[in-house]
Structures are given as structure tokens and as C-alpha cells.
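As provided, run.cif (mmCIF, C-alpha atoms and all ligand atoms) reads as follows.
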```
data_model
#
loop_
_atom_site.label_atom_id
_atom_site.label_comp_id
_atom_site.auth_asym_id
_atom_site.auth_seq_id
_atom_site.Cartn_x
_atom_site.Cartn_y
_atom_site.Cartn_z
CA MET A 161 -2.39 -26.30 4.38
CA GLY A 162 0.43 -28.78 4.58
CA GLU A 163 -0.02 -30.51 1.25
CA ARG A 164 1.91 -29.10 -1.68
CA THR A 165 -0.37 -27.76 -4.40
CA PHE A 166 2.09 -25.71 -6.47
CA LEU A 167 3.83 -28.14 -8.79
CA GLY A 168 7.09 -26.19 -9.04
CA ARG A 169 6.57 -25.53 -12.74
CA LEU A 170 5.69 -22.51 -14.85
CA ARG A 171 3.72 -22.67 -18.10
CA CYS A 172 3.71 -20.11 -20.91
CA SER A 173 0.19 -18.81 -21.43
CA VAL A 174 0.93 -18.17 -25.11
CA CYS A 175 2.80 -21.23 -26.43
CA GLY A 176 2.19 -23.67 -23.57
CA VAL A 177 5.85 -24.54 -23.00
CA GLU A 178 6.64 -25.58 -19.42
CA CYS A 179 9.76 -24.83 -17.41
CA GLY A 180 11.00 -25.22 -13.86
CA ALA A 181 10.14 -22.62 -11.24
CA THR A 182 13.13 -20.28 -11.21
CA PRO A 183 13.38 -16.50 -11.23
CA GLN A 184 12.73 -15.61 -14.89
CA ALA A 185 10.90 -12.81 -16.61
CA ALA A 186 9.17 -14.56 -19.51
CA CYS A 187 8.80 -17.72 -21.60
CA PRO A 188 12.22 -18.89 -22.84
CA GLU A 189 10.66 -19.79 -26.22
CA CYS A 190 8.34 -16.93 -27.12
CA PHE A 191 8.69 -14.30 -24.33
CA GLY A 192 5.02 -14.83 -23.40
CA PRO A 193 3.87 -14.47 -19.77
CA LEU A 194 4.46 -17.45 -17.48
CA GLU A 195 1.93 -18.86 -15.03
CA PRO A 196 2.44 -21.29 -12.15
CA VAL A 197 1.02 -24.82 -12.52
CA TYR A 198 -1.00 -26.29 -9.65
CA ASP A 199 -2.15 -29.76 -8.65
CA ARG A 200 -5.94 -29.51 -8.82
CA GLU A 201 -6.51 -32.75 -6.86
CA ALA A 202 -4.25 -31.58 -4.05
CA GLN A 203 -6.20 -28.30 -3.93
CA TYR A 204 -9.47 -30.25 -3.52
CA ARG A 205 -8.11 -32.45 -0.78
CA SER A 206 -6.50 -29.62 1.11
CA ILE A 207 -9.62 -27.44 1.10
CA GLU A 208 -11.79 -30.38 2.10
CA ARG A 209 -9.59 -31.04 5.12
CA SER A 210 -9.34 -27.40 6.12
CA PRO A 211 -12.30 -25.38 4.81
CA ILE A 212 -11.38 -21.82 3.82
CA PRO A 213 -14.04 -20.02 5.94
CA GLN A 214 -12.44 -21.32 9.12
CA ARG A 215 -9.04 -19.87 8.35
CA GLU A 216 -7.30 -16.68 9.48
CA GLY A 217 -8.31 -13.34 7.98
CA THR A 218 -5.42 -12.74 5.60
CA LEU A 219 -4.83 -13.50 1.95
CA TRP A 220 -2.95 -16.63 3.03
CA ARG A 221 -6.34 -18.28 3.58
CA TYR A 222 -6.05 -19.02 -0.18
CA ALA A 223 -2.53 -20.49 0.04
CA GLU A 224 -3.42 -23.49 -2.15
CA PHE A 225 -3.93 -21.08 -5.05
CA LEU A 226 -0.59 -19.32 -4.61
CA PRO A 227 2.77 -20.47 -6.03
CA VAL A 228 4.63 -21.04 -2.76
CA ASP A 229 6.34 -24.16 -1.49
CA GLY A 230 6.19 -23.62 2.25
CA ALA A 231 4.84 -21.29 4.92
CA PRO A 232 4.23 -17.60 4.13
CA ARG A 233 7.25 -15.42 4.86
CA ALA A 234 5.92 -11.96 4.01
CA GLY A 235 2.61 -10.13 4.06
CA LEU A 236 1.48 -12.03 7.14
CA GLU A 237 -1.28 -9.46 7.72
CA SER A 238 -2.08 -8.63 4.10
CA GLY A 239 -5.41 -9.07 2.36
CA TRP A 240 -8.90 -9.95 3.63
CA THR A 241 -9.95 -6.32 3.27
CA PRO A 242 -13.61 -5.32 3.69
CA LEU A 243 -16.23 -5.63 0.98
CA ARG A 244 -18.47 -2.72 1.94
CA ARG A 245 -22.09 -2.34 0.80
CA ALA A 246 -22.32 1.22 -0.55
CA ARG A 247 -25.99 2.21 -0.37
CA ARG A 248 -25.55 5.97 -0.55
CA LEU A 249 -23.10 5.79 -3.42
CA ALA A 250 -25.37 3.31 -5.26
CA GLN A 251 -28.02 6.04 -5.53
CA ILE A 252 -25.55 8.47 -7.05
CA VAL A 253 -24.13 5.94 -9.48
CA GLY A 254 -27.62 4.72 -10.38
CA VAL A 255 -27.40 0.99 -9.69
CA ARG A 256 -29.39 -1.17 -7.30
CA THR A 257 -26.51 -2.90 -5.53
CA LEU A 258 -23.02 -1.49 -5.16
CA TRP A 259 -20.05 -2.85 -3.24
CA ILE A 260 -16.64 -1.36 -2.54
CA LYS A 261 -13.75 -3.81 -2.34
CA ASP A 262 -11.77 -1.61 -0.01
CA ASP A 263 -8.03 -2.08 -0.40
CA THR A 264 -7.39 1.41 0.97
CA VAL A 265 -7.00 -0.45 4.27
CA ASN A 266 -4.78 -3.26 3.06
CA ARG A 267 -1.82 -3.91 5.33
CA PRO A 268 0.91 -2.90 5.76
CA SER A 269 1.02 -0.24 3.04
CA LEU A 270 -2.59 0.71 2.21
CA SER A 271 -2.89 -0.59 -1.34
CA PHE A 272 -3.65 -3.85 -3.15
CA LYS A 273 0.06 -4.12 -3.97
CA ASP A 274 0.52 -5.61 -0.49
CA ARG A 275 -0.96 -8.76 -2.03
CA VAL A 276 1.52 -9.19 -4.87
CA VAL A 277 4.44 -8.36 -2.59
CA ALA A 278 3.31 -10.89 0.05
CA VAL A 279 3.63 -13.64 -2.55
CA SER A 280 6.72 -12.42 -4.39
CA LEU A 281 8.81 -11.76 -1.25
CA THR A 282 7.88 -15.17 0.13
CA LYS A 283 9.11 -16.53 -3.19
CA ALA A 284 12.29 -14.41 -3.14
CA LEU A 285 13.12 -15.85 0.28
CA GLU A 286 12.41 -19.38 -0.95
CA PHE A 287 14.85 -18.74 -3.80
CA GLY A 288 17.42 -17.46 -1.29
CA LEU A 289 17.57 -13.99 -2.87
CA GLU A 290 18.62 -11.19 -0.54
CA VAL A 291 17.88 -7.97 -2.39
CA ALA A 292 14.31 -7.23 -3.38
CA ALA A 293 13.61 -4.60 -6.02
CA CYS A 294 10.86 -3.34 -8.29
CA ALA A 295 9.91 -0.92 -11.03
CA SER A 296 6.97 0.98 -9.63
CA THR A 297 4.51 3.81 -10.03
CA GLY A 298 4.57 4.17 -6.23
CA ASN A 299 2.29 1.70 -4.50
CA LEU A 300 4.34 -1.36 -5.33
CA ALA A 301 7.45 0.42 -4.05
CA ASN A 302 5.64 1.16 -0.76
CA ALA A 303 4.48 -2.43 -0.30
CA LEU A 304 7.95 -3.73 -1.10
CA ALA A 305 9.70 -1.28 1.23
CA ALA A 306 7.46 -2.11 4.19
CA GLN A 307 7.40 -5.87 3.75
CA ALA A 308 11.12 -6.14 2.97
CA ALA A 309 11.87 -4.21 6.17
CA ARG A 310 9.77 -6.66 8.18
CA ALA A 311 11.43 -9.64 6.50
CA GLY A 312 14.92 -8.22 7.05
CA MET A 313 15.64 -7.90 3.33
CA LYS A 314 17.35 -5.08 1.47
CA ALA A 315 15.02 -3.16 -0.84
CA VAL A 316 15.72 -1.02 -3.90
CA VAL A 317 12.80 0.71 -5.59
CA LEU A 318 13.05 2.35 -9.00
CA VAL A 319 10.38 4.95 -9.68
CA PRO A 320 9.64 7.77 -12.13
CA ASP A 321 10.94 10.97 -10.50
CA ASP A 322 7.59 12.81 -10.69
CA LEU A 323 5.78 10.62 -8.12
CA GLU A 324 3.69 11.95 -5.28
CA ARG A 325 5.77 12.98 -2.26
CA ALA A 326 4.00 10.64 0.18
CA LYS A 327 4.83 7.62 -1.94
CA ILE A 328 8.52 8.53 -2.10
CA LEU A 329 8.81 9.29 1.62
CA PHE A 330 6.88 6.15 2.59
CA SER A 331 9.44 4.01 0.78
CA SER A 332 12.49 5.82 2.09
CA ALA A 333 11.19 5.87 5.68
CA HIS A 334 11.16 2.08 5.57
CA GLY A 335 14.82 2.04 4.61
CA ALA A 336 14.41 1.24 0.93
CA ARG A 337 16.88 2.80 -1.47
CA VAL A 338 14.69 4.98 -3.63
CA VAL A 339 16.07 5.51 -7.14
CA PRO A 340 14.17 8.31 -8.91
CA ILE A 341 14.50 7.91 -12.66
CA ARG A 342 14.10 10.69 -15.19
CA GLY A 343 11.31 9.74 -17.58
CA VAL A 344 8.13 7.69 -17.67
CA TYR A 345 7.49 4.29 -16.09
CA ASP A 346 8.25 2.35 -19.26
CA LYS A 347 11.86 3.55 -19.09
CA VAL A 348 12.06 2.49 -15.44
CA ASN A 349 10.73 -0.92 -16.36
CA ARG A 350 13.24 -1.40 -19.18
CA LEU A 351 16.09 -0.51 -16.85
CA CYS A 352 14.81 -3.06 -14.33
CA ALA A 353 14.75 -5.78 -16.98
CA GLU A 354 18.44 -5.11 -17.63
CA ALA A 355 19.22 -4.95 -13.91
CA ALA A 356 17.51 -8.28 -13.22
CA ASP A 357 20.03 -10.05 -15.44
CA ALA A 358 23.03 -7.99 -14.43
CA LEU A 359 22.60 -7.68 -10.66
CA GLY A 360 20.95 -10.91 -9.47
CA TRP A 361 18.17 -9.11 -7.62
CA ALA A 362 14.66 -10.35 -6.98
CA ILE A 363 12.88 -7.74 -9.07
CA VAL A 364 9.39 -8.70 -8.04
CA ASN A 365 7.55 -7.51 -11.14
CA VAL A 366 10.25 -8.56 -13.58
CA ASN A 367 12.02 -11.85 -12.86
CA LEU A 368 9.49 -12.89 -10.18
CA ARG A 369 6.50 -11.67 -12.20
CA ALA A 370 4.93 -15.12 -12.66
CA TYR A 371 4.66 -15.50 -8.86
CA TYR A 372 4.04 -11.85 -8.05
CA ALA A 373 1.02 -11.53 -10.36
CA GLU A 374 -0.75 -14.49 -8.74
CA GLY A 375 -1.12 -12.40 -5.56
CA SER A 376 -3.73 -10.27 -7.35
CA LYS A 377 -6.02 -13.30 -7.59
CA THR A 378 -6.75 -12.88 -3.89
CA VAL A 379 -8.83 -9.76 -4.65
CA GLY A 380 -11.21 -11.95 -6.64
CA PHE A 381 -11.18 -14.84 -4.17
CA GLU A 382 -12.14 -12.45 -1.40
CA ILE A 383 -14.93 -10.81 -3.42
CA ALA A 384 -16.48 -14.20 -4.19
CA GLU A 385 -16.18 -15.45 -0.62
CA GLN A 386 -17.42 -12.19 0.92
CA LEU A 387 -20.48 -12.23 -1.35
CA GLY A 388 -21.34 -15.61 0.16
CA TRP A 389 -19.50 -17.82 -2.36
CA ARG A 390 -20.90 -16.41 -5.57
CA LEU A 391 -19.78 -14.17 -8.43
CA PRO A 392 -20.91 -10.55 -8.79
CA ARG A 393 -22.56 -9.48 -12.06
CA HIS A 394 -19.98 -6.72 -12.72
CA VAL A 395 -16.56 -5.73 -11.41
CA VAL A 396 -14.92 -2.41 -12.34
CA VAL A 397 -11.13 -2.51 -12.07
CA PRO A 398 -8.46 0.18 -12.49
CA MET A 399 -5.75 -0.79 -14.98
CA ALA A 400 -2.09 0.16 -15.31
CA GLY A 401 -0.06 -2.82 -16.54
CA GLY A 402 -3.36 -4.70 -16.85
CA SER A 403 -2.44 -7.56 -14.53
CA LEU A 404 -5.00 -7.07 -11.74
CA ILE A 405 -8.07 -7.32 -14.00
CA THR A 406 -6.70 -10.46 -15.66
CA LYS A 407 -6.03 -12.12 -12.34
CA ILE A 408 -9.44 -11.29 -10.87
CA ARG A 409 -10.96 -13.10 -13.83
CA LYS A 410 -8.57 -16.03 -13.31
CA SER A 411 -9.50 -16.25 -9.63
CA PHE A 412 -13.20 -16.53 -10.48
CA ARG A 413 -12.41 -19.24 -13.02
CA GLU A 414 -10.42 -21.20 -10.45
CA PHE A 415 -13.22 -21.04 -7.87
CA VAL A 416 -15.75 -22.13 -10.51
CA GLY A 417 -13.41 -24.93 -11.60
CA LEU A 418 -13.17 -26.32 -8.07
CA GLY A 419 -16.92 -26.04 -7.54
CA LEU A 420 -16.53 -23.41 -4.81
CA VAL A 421 -18.85 -20.99 -6.66
CA ARG A 422 -21.44 -21.53 -9.36
CA ASP A 423 -20.64 -20.27 -12.84
CA ALA A 424 -22.62 -17.15 -13.69
CA PRO A 425 -22.29 -14.17 -16.04
CA CYS A 426 -19.65 -11.86 -14.57
CA SER A 427 -18.36 -8.95 -16.64
CA LEU A 428 -14.98 -7.38 -15.95
CA HIS A 429 -14.73 -3.73 -16.90
CA GLY A 430 -11.48 -1.79 -17.04
CA ALA A 431 -10.88 1.86 -16.19
CA GLN A 432 -7.91 4.10 -17.00
CA PRO A 433 -7.45 7.86 -16.87
CA ASP A 434 -8.12 9.57 -20.19
CA GLY A 435 -4.50 10.80 -20.26
CA CYS A 436 -3.14 7.24 -20.20
CA SER A 437 -5.69 4.83 -21.60
CA PRO A 438 -4.06 2.49 -24.12
CA ILE A 439 -6.13 -0.55 -23.06
CA VAL A 440 -9.43 1.36 -22.92
CA ARG A 441 -8.81 2.77 -26.39
CA ALA A 442 -8.18 -0.69 -27.80
CA VAL A 443 -11.38 -2.03 -26.19
CA ARG A 444 -13.50 0.82 -27.46
CA SER A 445 -12.07 0.98 -30.98
CA GLY A 446 -12.28 -2.78 -31.47
CA ALA A 447 -8.52 -2.92 -32.08
CA LYS A 448 -6.73 -6.26 -31.94
CA GLU A 449 -3.69 -4.80 -30.23
CA VAL A 450 -2.86 -2.25 -27.57
CA THR A 451 -0.98 0.75 -28.97
CA PRO A 452 1.37 2.37 -26.43
CA VAL A 453 0.84 6.02 -25.43
CA THR A 454 2.82 8.69 -23.57
CA PRO A 455 1.08 9.25 -20.20
CA LYS A 456 -0.24 12.65 -19.22
CA THR A 457 -2.44 12.44 -16.12
CA VAL A 458 -2.54 13.24 -12.40
CA VAL A 459 -3.16 9.53 -11.83
CA ARG A 460 0.47 8.59 -11.43
CA SER A 461 -0.22 5.07 -10.16
CA LEU A 462 -1.88 4.18 -13.48
CA ALA A 463 0.56 6.06 -15.72
CA ILE A 464 1.87 3.08 -17.67
CA GLY A 465 1.84 3.85 -21.39
CA ASP A 466 2.96 0.41 -22.60
CA PRO A 467 1.10 -2.12 -20.43
CA ALA A 468 2.83 -5.50 -20.04
CA ASP A 469 -0.48 -7.35 -19.71
CA GLY A 470 -2.39 -5.18 -22.17
CA PRO A 471 -3.25 -8.01 -24.58
CA ARG A 472 -4.51 -10.23 -21.78
CA ALA A 473 -6.51 -7.43 -20.18
CA LEU A 474 -8.13 -6.84 -23.57
CA GLU A 475 -8.99 -10.53 -23.87
CA THR A 476 -10.32 -10.62 -20.30
CA ILE A 477 -12.64 -7.67 -20.89
CA ARG A 478 -13.93 -8.91 -24.24
CA SER A 479 -14.46 -12.53 -23.28
CA SER A 480 -16.31 -11.60 -20.08
CA GLY A 481 -18.69 -9.25 -21.88
CA GLY A 482 -17.16 -6.24 -20.16
CA SER A 483 -16.44 -2.76 -21.40
CA ALA A 484 -13.99 0.03 -20.58
CA ALA A 485 -14.00 3.71 -19.73
CA ALA A 486 -11.43 6.51 -19.55
CA PRO A 487 -12.67 9.42 -17.40
CA THR A 488 -10.89 12.79 -17.43
CA ASP A 489 -8.64 13.89 -14.55
CA GLU A 490 -11.39 16.32 -13.53
CA GLU A 491 -13.95 13.51 -13.25
CA VAL A 492 -11.42 11.42 -11.32
CA LEU A 493 -10.84 14.11 -8.68
CA GLU A 494 -14.55 14.74 -8.34
CA SER A 495 -15.16 11.02 -7.87
CA ILE A 496 -12.55 10.82 -5.09
CA GLU A 497 -14.63 13.40 -3.21
CA ILE A 498 -17.94 11.68 -4.00
CA LEU A 499 -16.60 8.38 -2.62
CA ALA A 500 -15.28 10.04 0.53
CA ARG A 501 -18.45 12.09 1.11
CA THR A 502 -20.92 9.26 0.57
CA GLU A 503 -19.11 6.26 2.01
CA GLY A 504 -16.25 7.57 4.15
CA VAL A 505 -13.69 5.82 1.97
CA PHE A 506 -10.73 8.01 0.99
CA ALA A 507 -9.18 6.61 -2.16
CA GLU A 508 -6.10 7.56 -4.10
CA THR A 509 -6.41 8.74 -7.68
CA ALA A 510 -6.77 5.18 -9.01
CA GLY A 511 -9.94 4.81 -6.89
CA GLY A 512 -11.29 7.97 -8.50
CA VAL A 513 -10.67 6.35 -11.88
CA THR A 514 -12.66 3.26 -10.86
CA LEU A 515 -15.66 5.23 -9.63
CA ALA A 516 -15.65 7.77 -12.46
CA GLY A 517 -15.24 4.90 -14.92
CA ALA A 518 -18.19 3.05 -13.38
CA GLN A 519 -20.33 6.18 -13.60
CA ARG A 520 -19.56 6.43 -17.31
CA LEU A 521 -20.34 2.74 -17.86
CA VAL A 522 -23.73 3.15 -16.20
CA ARG A 523 -24.51 6.24 -18.28
CA GLU A 524 -23.57 4.35 -21.44
CA GLY A 525 -25.72 1.35 -20.49
CA ALA A 526 -22.85 -1.15 -20.22
CA ILE A 527 -24.03 -1.61 -16.61
CA GLY A 528 -27.79 -1.67 -16.03
CA PRO A 529 -29.72 0.08 -13.23
CA ASP A 530 -30.83 -3.23 -11.70
CA ASP A 531 -27.37 -4.75 -11.76
CA GLU A 532 -24.93 -5.52 -8.98
CA VAL A 533 -21.49 -3.92 -9.22
CA VAL A 534 -18.25 -4.28 -7.29
CA LEU A 535 -15.78 -1.38 -7.45
CA ALA A 536 -12.11 -2.31 -6.93
CA ILE A 537 -10.81 0.58 -4.81
CA THR A 538 -7.13 -0.19 -4.70
CA GLY A 539 -5.21 2.44 -2.73
CA HIS A 540 -5.46 5.05 0.04
CA GLY A 541 -6.08 8.76 -0.60
CA LEU A 542 -3.48 10.02 1.87
CA LYS A 543 -0.85 8.93 -0.63
CA THR A 544 -2.06 11.33 -3.32
CA VAL A 545 -3.42 14.33 -1.43
CA GLU A 546 -1.64 16.86 -3.62
CA ALA A 547 -3.92 15.87 -6.51
CA LEU A 548 -6.80 17.41 -4.53
CA GLU A 549 -5.01 20.68 -3.77
CA PRO A 550 -6.62 22.60 -6.69
CA ARG A 551 -10.07 21.61 -5.38
CA ALA A 552 -9.45 22.45 -1.72
CA ARG A 553 -12.03 24.95 -0.45
CA ILE A 554 -10.60 25.97 2.89
CA GLY A 555 -10.98 29.58 4.05
CA PRO A 556 -8.36 31.79 5.73
CA SER A 557 -7.43 31.20 9.40
CA ILE A 558 -9.46 33.00 12.08
CA ASP A 559 -8.75 34.13 15.63
CA ALA A 560 -9.76 31.75 18.41
CA ASN A 561 -12.92 33.51 19.55
CA LEU A 562 -16.64 32.90 19.16
CA ASP A 563 -17.34 36.10 17.24
CA ALA A 564 -14.76 35.20 14.65
CA LEU A 565 -16.28 31.71 14.39
CA ARG A 566 -19.78 33.18 13.95
CA ALA A 567 -18.49 35.52 11.27
CA TRP A 568 -16.77 32.64 9.50
CA LEU A 569 -19.95 30.54 9.58
CA ALA A 570 -22.16 33.35 8.27
CA PRO A 571 -23.11 32.88 4.63
C1 LIG B 1 -3.59 1.82 -6.73
C2 LIG B 1 -3.42 0.98 -7.96
N1 LIG B 1 -4.51 0.46 -8.52
C3 LIG B 1 -4.43 -0.30 -9.64
C4 LIG B 1 -3.21 -0.55 -10.26
C5 LIG B 1 -3.21 -1.35 -11.55
O1 LIG B 1 -2.65 -2.59 -11.46
P1 LIG B 1 -2.14 -3.38 -12.73
O2 LIG B 1 -0.79 -2.82 -13.06
O3 LIG B 1 -2.09 -4.79 -12.26
O4 LIG B 1 -3.12 -3.15 -13.86
C6 LIG B 1 -2.05 -0.03 -9.71
C7 LIG B 1 -0.74 -0.30 -10.32
O5 LIG B 1 0.27 0.25 -9.97
C8 LIG B 1 -2.14 0.76 -8.53
O6 LIG B 1 -1.06 1.31 -7.94
ZN ZN B 2 5.89 -19.26 -24.82
#
```
How does the structure come out when it is put into C-alpha cells?
Amino acid sequence: MGERTFLGRLRCSVCGVECGATPQAACPECFGPLEPVYDREAQYRSIERSPIPQREGTLWRYAEFLPVDGAPRAGLESGWTPLRRARRLAQIVGVRTLWIKDDTVNRPSLSFKDRVVAVSLTKALEFGLEVAACASTGNLANALAAQAARAGMKAVVLVPDDLERAKILFSSAHGARVVPIRGVYDKVNRLCAEAADALGWAIVNVNLRAYYAEGSKTVGFEIAEQLGWRLPRHVVVPMAGGSLITKIRKSFREFVGLGLVRDAPCSLHGAQPDGCSPIVRAVRSGAKEVTPVTPKTVVRSLAIGDPADGPRALETIRSSGGSAAAPTDEEVLESIEILARTEGVFAETAGGVTLAGAQRLVREGAIGPDDEVVLAITGHGLKTVEALEPRARIGPSIDANLDALRAWLAP
């Protein structure tokens, strides 16, 4: 890299007001979401001098598109996860070409949240902040705990107290202070907004949100590059706060804008579990606004009833010609097993939502049988194994002898 492409300014995506790059949660004028401003010419020059395909296999290969001032300081191994062709699964889903964007193997914490934390912790260190914190449904807390440990920062993670055990232990094993909060995620998030002002922490998805969210663009950059510098016809994305889907769309726009890929129809579809589907409901009912809900689903990672980026996710889906689906918990768990059994990819519950959502969209005709589809599989299944417990079909133990084995195998 070398040349500075981030202009050190943030712009409100609602009212257009610009402000300096400091830790702040929202537009000072209208509370709209803030986005970093980049120097397009500097991006051109930099990429011309050092073409992206020749760079290291991490998300930092797209550094010109990220709001940092200097060298990366976190997530040095994050991103550049495989885009796997899924031939066996394509037959089951009923589409010609299917790809899995496999963030179950993102590093260091096995979810796409390693991307947003790579950027936001680098930013926290640039701002000289020493304590990193977040409001999380689990995966963000894990990414923050692991990357803060590596960077020598203190970490505090605030989570709803009903999270999966693996997600809680993962965070605490890395030395993060885990604060379980009684109540749903939206309460945790409101507390974090108060804490950001009161405690001077780098709360990555609150007062560093403008920088943090840009990390999700790297999912889209990678998909386009891995497809040979082109856009897929469809992408199906799991939604919680609604940021990831918005940023994948933005990443495609930026690549088109710089002439790195040709513009082509590319529909972004959102998926949420039926028990927490405020964005999907708005899409499907034609509503102008997202109405908050109280979550009730095994998919804890997506259990956000009042999504911060709901309006923008809605706009992203509609303007790209996409649709949305909300499969039941039962469909989600079944889809986790289908994905594992056909492609050897073990996804957490959010991955089950993506696949089950895609299956619904194909059945409804929103995705055609001759189309190409990318599934965003965003987190590893070992983090949510207890969700599969009711479906486990494992017989009683047997003695260690051949007769017992034969008897066990007999129909
Ligand atoms: C595994 C997983 N996938 C997808 C999402 C959704 O991301 P967003 O909140 O940007 O919509 C989350 C959010 O926590 C997640 O943990
Ligand atoms: Zn504004």
C-alpha cells in the first residue's frame, strides 16, 4: 500500500454531513449511520502499482478500501476464506451453480466477525484506546477476545446471558471479561451505547461502528475476486443487525466503480430465522419500515429484534432485485446437517438459516434453476452444537468386542 486512501473523514449516509474521523456512534446532526470517505484516485494509483492478486492471502489485500491510516495491527491472518464450489449441494437446492463462501474457517475465531474486528481493533489502536469492548450475540465477542489478546489489549464483552456455552467459554478462555446480561441483545446494545460515553472504551460496534462495519466489505471483495473478477447473479446472506448484507452490496459497487469488475445484475437476498425476522417481514410485506420484534429462536447469533441497519438492509435487498426468507428453526437445523453431509462444511445456526433460506427462495422462484448462487456461510458449527442435540441419533454404548459391533450394525 503506502499511499493514504482513507481521507480521515466520515460522512453521514442519510444527511450527507461530514465530520472528522473520531470514535463516534452516529451522525452528530441526524443520528444516521456514518461511512468513511476515501480518495478514489489514490485507490486507483495504489492498486495499479501493487495489483491485488499478487498480495498476501488475508483481508488486508484490500487495505485501500478500509478506513485505516497505517499498517494493520489486528486480524493479521483474517479473511481470504475459501469460495467452495458445491456440486452435491447444488443438486439438492436445485440450482445449476452453487458456491459456499466459507467463513467457518475464518481466523482466528471461526466466523466472519474476524473481519470487522480486524479493522476496528486496528482503528482502536490508532486512536490510542486501550480497552476494547462490544455488544455481541457471541461471534463478535469471540473475535474481539481472540484478537485483543493477540494485540495485548484488554477486552470486555457484553452478551445476552442465554448464549451457547462454547461462545461464552471461547471468550473467557482468551482472557476477555465476559459480562452476561439478563435480557435480549437490544438491551445489551443500549447499555453499550451508554457505556461508550461514560467509560471511554472502544466499543467496536458502537463508537467505532463506522470503521468496524467496513470490514464486512471484504466478504464481497473476496467473492468477486475468487469468481475471477466478476459478480455472482445471487448472494444469500444471513442478517442480524443487517450490516453484512449492506456492506457486501457496497463492496460490489466499489469494485464496479473502480473498473475492477463489470457491472452485472446481482441480487442480494436476506435470511433470518422465523422467530426473529423483522427485516424479512418488512421485505415480504412491502413495508417502508422495519418493525422490531422480540426474538424467539435457537439461532442466537441472529437474535437481534431491533436491527441497527434494518432500513439499509431493506433498501439493499429491494434495489438489487433481491428477496428474503425466514425458515423455521426446524428447517435451519435440518439444513445444517444437509450442508455438513453434502459438502463437509459444518456451519453454526446462522449457516443453517442461509441454506434453508436459499432453499425457500428457489422453491418460490426468486432464484431460478439455471442461476448461480453464493451462500454466505458465516460461522462454525462447533460453536452451536447444543442446537443439534435434539436431532442426535447416537445409540447406546457397546462393549469393545466384534460380536457387540455386529449386533449394533444389524438392522
Ligand atoms: C454467524 C453470523 N452470521 C451473520 C451475522 C449477521 O451480521 P449482521 O449483524 O451484520 O447482519 C452475525 C451477527 O452476529 C453472525 O454472528
Ligand atoms: Zn446525518
Name the closest residue to Leu474 of chain A among the candidates A:Ile439, A:Ala358, A:Val277, A:Ala373; distances are taken between atoms, counting all atoms listed in the file. A:Ile439
Do a neighbour search on Thr538 of chain A at 6 Å with all atoms listed in the file, toss out local chain neighbours closer than 2 positions, and write the hits as a list in words.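 Near Thr538 of chain A, the qualifying residues are Asp263, Thr264, Ser271, Phe272 and Ala536 of chain A.
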Residues within 12 Å of Ala431 of chain A, please, as a VMD selection string. Count only C-alpha atoms; anything in the same chain fewer than 4 positions from it doesn't count. chain A and resid 395 to 402 404 to 405 435 to 441 443 to 444 459 462 473 to 474 477 482 to 488 492 509 to 521 535 to 537
Which of these residues is nearest to Ala293 of chain A, using all atoms listed in the file: A:Gly217, A:Gly360, A:Pro571, A:Gly504? A:Gly360
Need the axis-aligned box for ligand LIG 1 (chain B) with 5 Å each side, so what are the centre and edges in Å to one decimal, as AutoDock Vina command-line options?
```
--center_x -2.1 --center_y -1.5 --center_z -10.3 --size_x 14.8 --size_y 16.6 --size_z 17.1
```
C-alpha atoms of segment 507-519 of chain A from block above, as a PDB file, in the first residue's frame:
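The new file out.pdb reads:
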```pdb
ATOM      1  CA  ALA A 507     -21.887 -24.357   9.992  1.00  0.00           C
ATOM      2  CA  GLU A 508     -23.355 -22.728  13.040  1.00  0.00           C
ATOM      3  CA  THR A 509     -27.070 -21.982  13.180  1.00  0.00           C
ATOM      4  CA  ALA A 510     -26.695 -18.827  11.055  1.00  0.00           C
ATOM      5  CA  GLY A 511     -25.348 -21.027   8.220  1.00  0.00           C
ATOM      6  CA  GLY A 512     -28.441 -23.197   8.519  1.00  0.00           C
ATOM      7  CA  VAL A 513     -30.522 -20.042   8.104  1.00  0.00           C
ATOM      8  CA  THR A 514     -28.653 -19.134   4.902  1.00  0.00           C
ATOM      9  CA  LEU A 515     -29.095 -22.559   3.326  1.00  0.00           C
ATOM     10  CA  ALA A 516     -32.694 -23.058   4.446  1.00  0.00           C
ATOM     11  CA  GLY A 517     -33.457 -19.513   3.273  1.00  0.00           C
ATOM     12  CA  ALA A 518     -31.896 -20.228  -0.132  1.00  0.00           C
ATOM     13  CA  GLN A 519     -33.942 -23.408  -0.456  1.00  0.00           C
TER      14      GLN A 519
END
```
